[in-house]
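So this block is protein.cif, mmCIF, C-alpha atoms:
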```cif
data_start
loop_
_atom_site.label_atom_id
_atom_site.label_comp_id
_atom_site.auth_asym_id
_atom_site.auth_seq_id
_atom_site.Cartn_x
_atom_site.Cartn_y
_atom_site.Cartn_z
CA MET A 1 0.00 0.00 0.00
CA THR A 2 1.24 3.51 -0.83
CA TRP A 3 0.60 6.82 0.93
CA PHE A 4 -2.02 7.92 -1.59
CA ASP A 5 -4.17 4.78 -1.67
CA ASP A 6 -6.64 6.11 0.87
CA LEU A 7 -6.76 9.71 -0.34
CA LYS A 8 -10.01 11.29 -1.40
CA THR A 9 -8.68 13.51 -4.16
CA PRO A 10 -11.07 13.43 -7.12
CA LYS A 11 -10.18 14.77 -10.53
CA MET A 12 -10.54 18.55 -10.68
CA LYS A 13 -13.61 18.56 -12.89
CA VAL A 14 -15.01 21.70 -14.37
CA ALA A 15 -17.71 22.03 -11.75
CA VAL A 16 -15.07 21.98 -9.00
CA SER A 17 -12.56 24.25 -10.69
CA GLN A 18 -15.18 26.89 -11.41
CA ARG A 19 -16.21 27.20 -7.77
CA PRO A 20 -14.34 29.79 -5.71
CA SER A 21 -12.34 28.33 -2.87
CA LYS A 22 -13.80 28.49 0.63
CA VAL A 23 -13.67 31.87 2.27
CA PRO A 24 -11.57 31.87 5.47
CA GLU A 25 -13.55 31.63 8.67
CA GLY A 26 -14.97 34.94 9.81
CA LEU A 27 -16.59 37.83 8.03
CA TRP A 28 -13.55 40.09 7.93
CA VAL A 29 -10.01 39.99 6.52
CA LYS A 30 -7.21 42.43 7.34
CA CYS A 31 -5.17 43.59 4.36
CA SER A 32 -1.52 42.82 5.04
CA HIS A 33 -0.45 45.87 3.02
CA CYS A 34 -2.70 48.76 4.05
CA ALA A 35 -4.19 47.18 7.23
CA GLU A 36 -7.72 47.93 6.02
CA ILE A 37 -10.40 45.63 7.43
CA LEU A 38 -12.28 44.09 4.52
CA GLN A 39 -15.40 41.99 4.23
CA SER A 40 -14.51 38.50 3.06
CA LYS A 41 -17.36 38.64 0.55
CA VAL A 42 -16.07 41.87 -0.96
CA LEU A 43 -12.55 40.50 -1.21
CA LYS A 44 -13.78 37.37 -2.98
CA GLU A 45 -15.82 39.39 -5.46
CA SER A 46 -12.75 41.52 -6.27
CA LEU A 47 -10.65 38.41 -7.14
CA GLN A 48 -8.71 38.61 -3.88
CA VAL A 49 -7.53 42.16 -4.64
CA CYS A 50 -7.82 44.76 -1.89
CA PRO A 51 -10.30 47.45 -3.05
CA GLU A 52 -8.50 50.07 -0.96
CA CYS A 53 -4.84 49.67 -1.99
CA SER A 54 -5.00 47.08 -4.83
CA PHE A 55 -2.80 44.64 -2.92
CA HIS A 56 -3.00 41.21 -4.58
CA PHE A 57 -3.63 38.42 -2.08
CA ARG A 58 -2.48 34.93 -3.01
CA MET A 59 -5.01 32.88 -4.92
CA SER A 60 -5.79 29.17 -5.06
CA ALA A 61 -5.27 27.09 -8.21
CA ALA A 62 -9.01 26.47 -8.49
CA ASP A 63 -9.80 30.18 -8.38
CA ARG A 64 -7.09 30.92 -10.93
CA ILE A 65 -8.53 28.35 -13.31
CA ALA A 66 -12.03 29.76 -12.86
CA MET A 67 -10.70 33.26 -13.59
CA LEU A 68 -8.81 32.31 -16.76
CA THR A 69 -11.19 29.84 -18.44
CA ASP A 70 -14.66 29.80 -19.89
CA GLU A 71 -17.14 28.10 -17.61
CA GLY A 72 -17.15 24.35 -18.11
CA SER A 73 -14.21 24.33 -20.52
CA PHE A 74 -11.32 23.16 -18.31
CA ASP A 75 -10.40 19.52 -18.89
CA GLU A 76 -7.66 18.40 -16.51
CA TYR A 77 -5.11 15.75 -17.45
CA ALA A 78 -2.27 13.92 -15.65
CA GLU A 79 -4.24 14.36 -12.40
CA ALA A 80 -3.42 10.85 -11.16
CA LEU A 81 0.34 11.38 -10.93
CA VAL A 82 1.74 11.18 -7.38
CA SER A 83 5.19 11.17 -5.85
CA THR A 84 6.62 7.78 -4.87
CA ASP A 85 9.01 9.30 -2.30
CA PRO A 86 12.07 8.02 -4.23
CA LEU A 87 14.57 8.98 -1.51
CA GLU A 88 12.40 7.84 1.42
CA PHE A 89 13.14 11.24 2.91
CA ASP A 90 12.56 11.84 6.61
CA ASP A 91 13.36 14.97 8.62
CA GLN A 92 10.97 16.18 11.33
CA LYS A 93 8.32 13.96 9.76
CA PRO A 94 8.38 11.50 6.84
CA TYR A 95 8.00 13.01 3.39
CA ARG A 96 5.03 10.71 2.75
CA ASP A 97 3.24 12.25 5.74
CA ARG A 98 3.91 15.74 4.39
CA LEU A 99 2.49 14.75 1.03
CA LYS A 100 -0.61 13.27 2.61
CA LEU A 101 -1.17 16.34 4.77
CA ALA A 102 -0.82 18.65 1.76
CA ALA A 103 -3.13 16.48 -0.35
CA ASN A 104 -5.82 16.39 2.33
CA GLY A 105 -5.54 20.16 2.80
CA THR A 106 -5.82 21.10 -0.87
CA GLY A 107 -7.71 18.26 -2.53
CA LEU A 108 -4.83 17.87 -4.98
CA ARG A 109 -2.19 15.18 -5.37
CA ASP A 110 0.62 17.63 -6.05
CA ALA A 111 1.35 21.32 -6.48
CA PHE A 112 0.47 21.72 -10.17
CA VAL A 113 -2.76 21.41 -12.15
CA ALA A 114 -2.68 21.10 -15.96
CA GLY A 115 -5.45 20.94 -18.51
CA LYS A 116 -6.89 22.08 -21.81
CA ALA A 117 -9.36 24.94 -21.72
CA LYS A 118 -10.89 27.86 -23.56
CA LEU A 119 -10.67 31.55 -22.77
CA GLN A 120 -13.35 33.64 -24.47
CA GLY A 121 -13.64 30.88 -27.06
CA LEU A 122 -9.91 30.54 -27.69
CA SER A 123 -8.47 27.07 -26.99
CA TYR A 124 -5.18 26.71 -25.11
CA HIS A 125 -3.34 24.64 -22.50
CA LEU A 126 -3.19 26.01 -18.96
CA GLY A 127 -1.06 25.01 -16.00
CA VAL A 128 -1.44 26.53 -12.52
CA PHE A 129 0.62 26.11 -9.35
CA GLU A 130 -1.06 25.60 -5.98
CA PHE A 131 1.16 27.37 -3.43
CA LYS A 132 -0.65 25.78 -0.49
CA PHE A 133 0.70 22.38 -1.56
CA MET A 134 4.15 22.43 0.06
CA GLY A 135 4.83 25.99 -1.08
CA GLY A 136 4.20 25.14 -4.73
CA SER A 137 7.53 23.32 -4.77
CA MET A 138 8.60 21.48 -7.92
CA GLY A 139 9.42 17.80 -7.62
CA VAL A 140 9.26 14.95 -10.12
CA VAL A 141 5.47 15.07 -10.44
CA VAL A 142 5.30 18.82 -11.02
CA GLY A 143 8.11 18.61 -13.56
CA GLU A 144 6.34 15.78 -15.38
CA LYS A 145 3.05 17.68 -15.46
CA VAL A 146 4.70 20.84 -16.80
CA THR A 147 6.46 18.76 -19.45
CA ARG A 148 3.22 17.06 -20.46
CA LEU A 149 1.55 20.44 -20.75
CA PHE A 150 4.23 21.66 -23.17
CA GLU A 151 4.07 18.42 -25.14
CA ALA A 152 0.27 18.57 -25.38
CA ALA A 153 0.40 22.20 -26.52
CA LEU A 154 2.90 21.23 -29.23
CA LEU A 155 0.80 18.28 -30.36
CA ASP A 156 -2.39 20.38 -30.55
CA ARG A 157 -0.52 23.44 -31.87
CA LEU A 158 -2.09 25.62 -29.19
CA PRO A 159 -0.58 28.21 -26.83
CA ALA A 160 0.79 27.07 -23.47
CA VAL A 161 0.24 29.20 -20.37
CA VAL A 162 1.69 28.60 -16.91
CA VAL A 163 0.75 30.59 -13.81
CA SER A 164 3.66 30.21 -11.40
CA ALA A 165 3.55 30.47 -7.60
CA SER A 166 6.41 28.45 -6.19
CA GLY A 167 9.13 28.36 -3.57
CA GLY A 168 11.37 26.41 -5.96
CA ALA A 169 12.66 22.84 -6.16
CA ARG A 170 11.40 20.33 -3.58
CA MET A 171 14.25 19.46 -1.23
CA GLN A 172 12.71 16.12 -0.23
CA GLU A 173 13.38 14.80 -3.74
CA GLY A 174 16.97 16.04 -3.92
CA ILE A 175 18.73 15.96 -7.28
CA LEU A 176 15.63 14.47 -8.91
CA SER A 177 13.79 17.73 -8.32
CA LEU A 178 16.66 19.78 -9.76
CA MET A 179 16.58 17.62 -12.89
CA GLN A 180 13.09 18.96 -13.60
CA MET A 181 14.60 22.32 -14.49
CA ALA A 182 16.40 20.80 -17.48
CA LYS A 183 13.49 18.51 -18.34
CA THR A 184 10.87 21.25 -18.54
CA THR A 185 13.20 23.63 -20.36
CA SER A 186 13.98 20.97 -22.95
CA ALA A 187 10.27 20.36 -23.57
CA LEU A 188 9.75 24.10 -23.92
CA GLY A 189 12.35 24.10 -26.70
CA GLY A 190 9.97 22.06 -28.86
CA LEU A 191 7.37 24.82 -28.70
CA ARG A 192 9.92 27.45 -29.58
CA ARG A 193 11.16 25.56 -32.64
CA GLU A 194 7.61 25.35 -33.98
CA GLY A 195 6.68 28.92 -33.12
CA ILE A 196 3.99 27.86 -30.63
CA PRO A 197 3.70 30.60 -27.98
CA PHE A 198 4.40 30.08 -24.30
CA ILE A 199 3.10 32.78 -21.98
CA SER A 200 4.45 32.82 -18.45
CA ILE A 201 2.49 34.53 -15.68
CA LEU A 202 4.46 35.31 -12.52
CA THR A 203 2.61 35.65 -9.22
CA ASP A 204 3.73 36.02 -5.63
CA PRO A 205 6.08 34.28 -5.08
CA THR A 206 7.95 32.80 -8.05
CA THR A 207 11.35 31.74 -6.82
CA GLY A 208 14.03 29.04 -6.85
CA GLY A 209 14.18 26.40 -9.54
CA VAL A 210 10.90 27.44 -11.14
CA ALA A 211 12.12 31.01 -11.65
CA ALA A 212 15.49 29.65 -12.81
CA SER A 213 13.90 27.54 -15.56
CA PHE A 214 10.70 27.74 -17.59
CA ALA A 215 9.02 30.58 -15.67
CA MET A 216 11.50 33.13 -17.06
CA LEU A 217 11.55 31.69 -20.59
CA GLY A 218 8.16 32.82 -21.83
CA ASP A 219 7.73 34.41 -25.23
CA VAL A 220 5.85 36.96 -23.15
CA ILE A 221 6.28 37.23 -19.40
CA LEU A 222 3.44 38.85 -17.47
CA ALA A 223 3.55 39.56 -13.75
CA GLU A 224 1.03 40.54 -11.12
CA PRO A 225 1.70 43.77 -9.20
CA GLY A 226 4.06 43.41 -6.25
CA ALA A 227 4.96 39.78 -6.94
CA LEU A 228 8.24 38.51 -5.48
CA VAL A 229 10.28 37.01 -8.33
CA GLY A 230 13.85 35.72 -8.15
CA PHE A 231 16.08 32.77 -7.43
CA ALA A 232 17.14 33.36 -3.82
CA GLY A 233 15.23 35.60 -1.43
CA PRO A 234 16.35 39.19 -0.70
CA ARG A 235 17.45 38.29 2.84
CA VAL A 236 19.73 35.53 1.58
CA ILE A 237 21.25 37.84 -1.03
CA GLU A 238 21.87 40.60 1.49
CA GLN A 239 23.63 38.15 3.79
CA ALA A 240 25.75 36.88 0.89
CA ILE A 241 26.90 40.24 -0.50
CA ARG A 242 26.75 42.12 2.81
CA GLN A 243 25.19 45.15 1.19
CA PRO A 244 21.70 46.64 1.35
CA LEU A 245 19.51 45.96 -1.65
CA PRO A 246 17.68 48.64 -3.66
CA PRO A 247 14.10 49.46 -2.63
CA GLY A 248 11.62 47.05 -4.15
CA PHE A 249 14.34 44.60 -5.20
CA GLN A 250 12.94 41.43 -6.83
CA ARG A 251 9.42 42.80 -6.95
CA SER A 252 7.69 42.73 -10.33
CA GLU A 253 7.95 46.51 -10.73
CA PHE A 254 11.73 46.31 -10.25
CA LEU A 255 11.98 43.48 -12.78
CA LEU A 256 9.91 45.40 -15.33
CA LYS A 257 12.21 48.40 -15.00
CA HIS A 258 15.25 46.17 -15.62
CA GLY A 259 13.78 44.24 -18.53
CA PHE A 260 13.06 40.86 -16.92
CA VAL A 261 9.29 40.97 -17.45
CA ASP A 262 7.27 42.40 -20.32
CA ARG A 263 4.20 43.73 -18.58
CA ILE A 264 2.64 44.06 -15.15
CA VAL A 265 -1.05 43.23 -15.35
CA ALA A 266 -3.62 43.69 -12.62
CA ARG A 267 -5.56 40.54 -11.85
CA THR A 268 -8.84 42.08 -12.98
CA ASP A 269 -7.35 42.66 -16.45
CA LEU A 270 -5.42 39.40 -16.76
CA ALA A 271 -7.97 37.31 -18.68
CA TYR A 272 -8.40 39.97 -21.36
CA GLU A 273 -4.66 40.60 -21.62
CA LEU A 274 -3.91 36.88 -21.85
CA LYS A 275 -6.34 36.34 -24.72
CA GLN A 276 -4.87 39.26 -26.64
CA TRP A 277 -1.34 37.92 -26.31
CA MET A 278 -2.33 34.36 -27.26
CA TRP A 279 -3.98 35.62 -30.42
CA ARG A 280 -1.15 37.98 -31.40
CA LEU A 281 1.56 35.38 -30.90
CA GLY A 282 -0.27 32.34 -32.22
CA ARG A 283 -2.55 33.47 -35.03
CA TYR A 284 -0.12 32.24 -37.71
CA THR A 285 1.22 29.12 -36.00
CA CYS A 286 -1.65 27.79 -33.84
CA ARG A 287 -4.78 25.84 -34.73
CA PHE A 288 -7.33 27.66 -32.64
CA SER A 289 -10.75 26.04 -32.34
#
```
Structure re-expressed in structure tokens:
Amino acid sequence: MTWFDDLKTPKMKVAVSQRPSKVPEGLWVKCSHCAEILQSKVLKESLQVCPECSFHFRMSAADRIAMLTDEGSFDEYAEALVSTDPLEFDDQKPYRDRLKLAANGTGLRDAFVAGKAKLQGLSYHLGVFEFKFMGGSMGVVVGEKVTRLFEAALLDRLPAVVVSASGGARMQEGILSLMQMAKTTSALGGLRREGIPFISILTDPTTGGVAASFAMLGDVILAEPGALVGFAGPRVIEQAIRQPLPPGFQRSEFLLKHGFVDRIVARTDLAYELKQWMWRLGRYTCRFS
């Protein structure tokens, strides 16, 4: 028997993915940026964006999918993949227990959801990270799902879109997790050779091995306002170089100024912006249906 045999993690069907995630207990939420007290209902209706200061709260994979797809159009694939704990890793608790806890808490079997969908009638392949699943870390399963997404997009000649929210490679899978950086990047090369667009959307946070591989290799790289993007965190860098960092270092606005991202797009405008870019980049190379 394996750790996932008794899990109740059904396939993320359209009806599930289109439902907003559960609102946290209580009627009020305090904005961590402006300290405004907000009604949970109001925050949910504004796509988890503070109506007072426009701070972008983190968002679940299910809510992201609902925001970026036509209702009933998302068809998930590779949902049955699970980690086999190849290193039998054990620190404060066994890796298998951590996986089970994350799966029970999110309803997912790993930190990435991939599927084919439509956005305002335009077909494409969409992959979304779930940060609540072990910090959105990339192990063998996440790397395989990202690779399958790129391969499916190439086969269908449709755009590939990945919404990243990750702390980086998963330490419990050691070198196997680091190998996913090369694996996903290699698969992405197939899209590039055929002129099939890959659009990368960076959210808070996008760091580590994900930022150091496919997330920063989009034909167009979009970022949400205020997102933390980089390999190592600012605190680690400051300790390494023993110098203060510039204000706003590694935030999406800083990266835009220095040419690392193409556009910063508010969450409320993201669906429209994404469709425009998919059409511009893929109208001559993709088979939209």
Closest pair table for range 211-287 of chain A residues within 10 Å of range 156-166 of chain A, all atoms listed in the file, as JSON lines:
```
{"residue": "A:Ala211", "atom": "CA", "partner": "A:Ser166", "partner_atom": "CA", "distance": 8.3}
{"residue": "A:Phe214", "atom": "CA", "partner": "A:Val162", "partner_atom": "CA", "distance": 9.1}
{"residue": "A:Ala215", "atom": "CA", "partner": "A:Ser164", "partner_atom": "CA", "distance": 6.9}
{"residue": "A:Gly218", "atom": "CA", "partner": "A:Val161", "partner_atom": "CA", "distance": 8.8}
{"residue": "A:Val220", "atom": "CA", "partner": "A:Val161", "partner_atom": "CA", "distance": 10.0}
{"residue": "A:Leu222", "atom": "CA", "partner": "A:Val163", "partner_atom": "CA", "distance": 9.4}
{"residue": "A:Ala223", "atom": "CA", "partner": "A:Val163", "partner_atom": "CA", "distance": 9.4}
{"residue": "A:Ala227", "atom": "CA", "partner": "A:Ala165", "partner_atom": "CA", "distance": 9.4}
{"residue": "A:Leu228", "atom": "CA", "partner": "A:Ala165", "partner_atom": "CA", "distance": 9.5}
{"residue": "A:Val229", "atom": "CA", "partner": "A:Ala165", "partner_atom": "CA", "distance": 9.4}
{"residue": "A:Leu274", "atom": "CA", "partner": "A:Val161", "partner_atom": "CA", "distance": 8.9}
{"residue": "A:Trp277", "atom": "CA", "partner": "A:Pro159", "partner_atom": "CA", "distance": 9.8}
{"residue": "A:Met278", "atom": "CA", "partner": "A:Pro159", "partner_atom": "CA", "distance": 6.4}
{"residue": "A:Trp279", "atom": "CA", "partner": "A:Pro159", "partner_atom": "CA", "distance": 8.9}
{"residue": "A:Leu281", "atom": "CA", "partner": "A:Pro159", "partner_atom": "CA", "distance": 8.5}
{"residue": "A:Gly282", "atom": "CA", "partner": "A:Pro159", "partner_atom": "CA", "distance": 6.8}
{"residue": "A:Arg283", "atom": "CA", "partner": "A:Leu158", "partner_atom": "CA", "distance": 9.8}
{"residue": "A:Thr285", "atom": "CA", "partner": "A:Arg157", "partner_atom": "CA", "distance": 7.2}
{"residue": "A:Cys286", "atom": "CA", "partner": "A:Arg157", "partner_atom": "CA", "distance": 4.9}
{"residue": "A:Arg287", "atom": "CA", "partner": "A:Arg157", "partner_atom": "CA", "distance": 5.7}
```
Using all atoms listed in the file, find all polymer residues with an atom at most 10 Å away from the point (-11.7, 32.3, -29.7); report them as a PyMOL selection string.
-> chain A and resi 118-124+275+278-279+288-289
Give as a VMD selection string the set of residues within 9 Å of the point (16.3, 40.6, 1.2), where distances use the file's coordinates and only C-alpha atoms.
-> chain A and resid 232 to 239 244 to 245 249 to 250
Can you give me, as a ChimeraX atom specification, the residues this file yields under the PyMOL selection byres ((chain A and resi 183) around 12)?
-> /A:138-148,150-151,176-182,184-190,209-210,213-214
Would you export the selected residues with C-alpha atoms as a compact mmCIF listing (two decimals), in the frame of the given file, please?
```txt
# COMPACT_ATOMS: atom_id res chain seq x y z
CA MET A 138 8.60 21.48 -7.92
CA GLY A 139 9.42 17.80 -7.62
CA VAL A 140 9.26 14.95 -10.12
CA VAL A 141 5.47 15.07 -10.44
CA VAL A 142 5.30 18.82 -11.02
CA GLY A 143 8.11 18.61 -13.56
CA GLU A 144 6.34 15.78 -15.38
CA LYS A 145 3.05 17.68 -15.46
CA VAL A 146 4.70 20.84 -16.80
CA THR A 147 6.46 18.76 -19.45
CA ARG A 148 3.22 17.06 -20.46
CA PHE A 150 4.23 21.66 -23.17
CA GLU A 151 4.07 18.42 -25.14
CA LEU A 176 15.63 14.47 -8.91
CA SER A 177 13.79 17.73 -8.32
CA LEU A 178 16.66 19.78 -9.76
CA MET A 179 16.58 17.62 -12.89
CA GLN A 180 13.09 18.96 -13.60
CA MET A 181 14.60 22.32 -14.49
CA ALA A 182 16.40 20.80 -17.48
CA THR A 184 10.87 21.25 -18.54
CA THR A 185 13.20 23.63 -20.36
CA SER A 186 13.98 20.97 -22.95
CA ALA A 187 10.27 20.36 -23.57
CA LEU A 188 9.75 24.10 -23.92
CA GLY A 189 12.35 24.10 -26.70
CA GLY A 190 9.97 22.06 -28.86
CA GLY A 209 14.18 26.40 -9.54
CA VAL A 210 10.90 27.44 -11.14
CA SER A 213 13.90 27.54 -15.56
CA PHE A 214 10.70 27.74 -17.59
```
Picked residues, the PyMOL selection byres ((chain A and resi 67) around 12), expected as JSON, numbers by chain | {"A": [17, 18, 19, 20, 21, 44, 45, 46, 47, 48, 59, 60, 61, 62, 63, 64, 65, 66, 68, 69, 70, 71, 72, 73, 74, 117, 118, 119, 120, 126, 128, 163, 267, 268, 269, 270, 271, 272, 274]}
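The space separating CA of Ala152 in chain A from CA of His125 in chain A comes to 7.6 Å.
Rounded to one decimal, CA of Thr106 in chain A and CA of Leu81 in chain A lie 15.3 Å from each other.
CA of Thr203 in chain A sits 8.4 Å away from CA of Gly226 in chain A.
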I would like the residues chosen by the PyMOL selection byres ((chain A and resi 221) around 9) on the shown file; could you give them as a PyMOL selection string?
-> chain A and resi 198-202+215-220+222-223+260-264
Across A:Gln172, A:Thr206, A:Ser252, A:Gln276, the smallest distance to Thr84 in chain A, with only C-alpha atoms counted, is shown by A:Gln172
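Minimum atom-to-atom distance to Ala102 in chain A, evaluated using all atoms listed in the file, belongs to A:Gly135 out of A:Asp85, A:Asp75, A:Gly135, A:Phe129.
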Test item: residues at most 9 Å from Leu27 in chain A, all atoms listed in the file, excluding those fewer than 4 positions along its chain, as an MDAnalysis selection string | chainID A and resid 23 38:41
Could you take the residues named above and write them with C-alpha atoms, as a short mmCIF file (atom, residue, chain, number, x, y, z; two decimals), keeping the file's coordinate frame?
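Below is the file that was written, out.cif:
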```cif
data_model
loop_
_atom_site.label_atom_id
_atom_site.label_comp_id
_atom_site.auth_asym_id
_atom_site.auth_seq_id
_atom_site.Cartn_x
_atom_site.Cartn_y
_atom_site.Cartn_z
CA VAL A 23 -13.67 31.87 2.27
CA LEU A 38 -12.28 44.09 4.52
CA GLN A 39 -15.40 41.99 4.23
CA SER A 40 -14.51 38.50 3.06
CA LYS A 41 -17.36 38.64 0.55
#
```
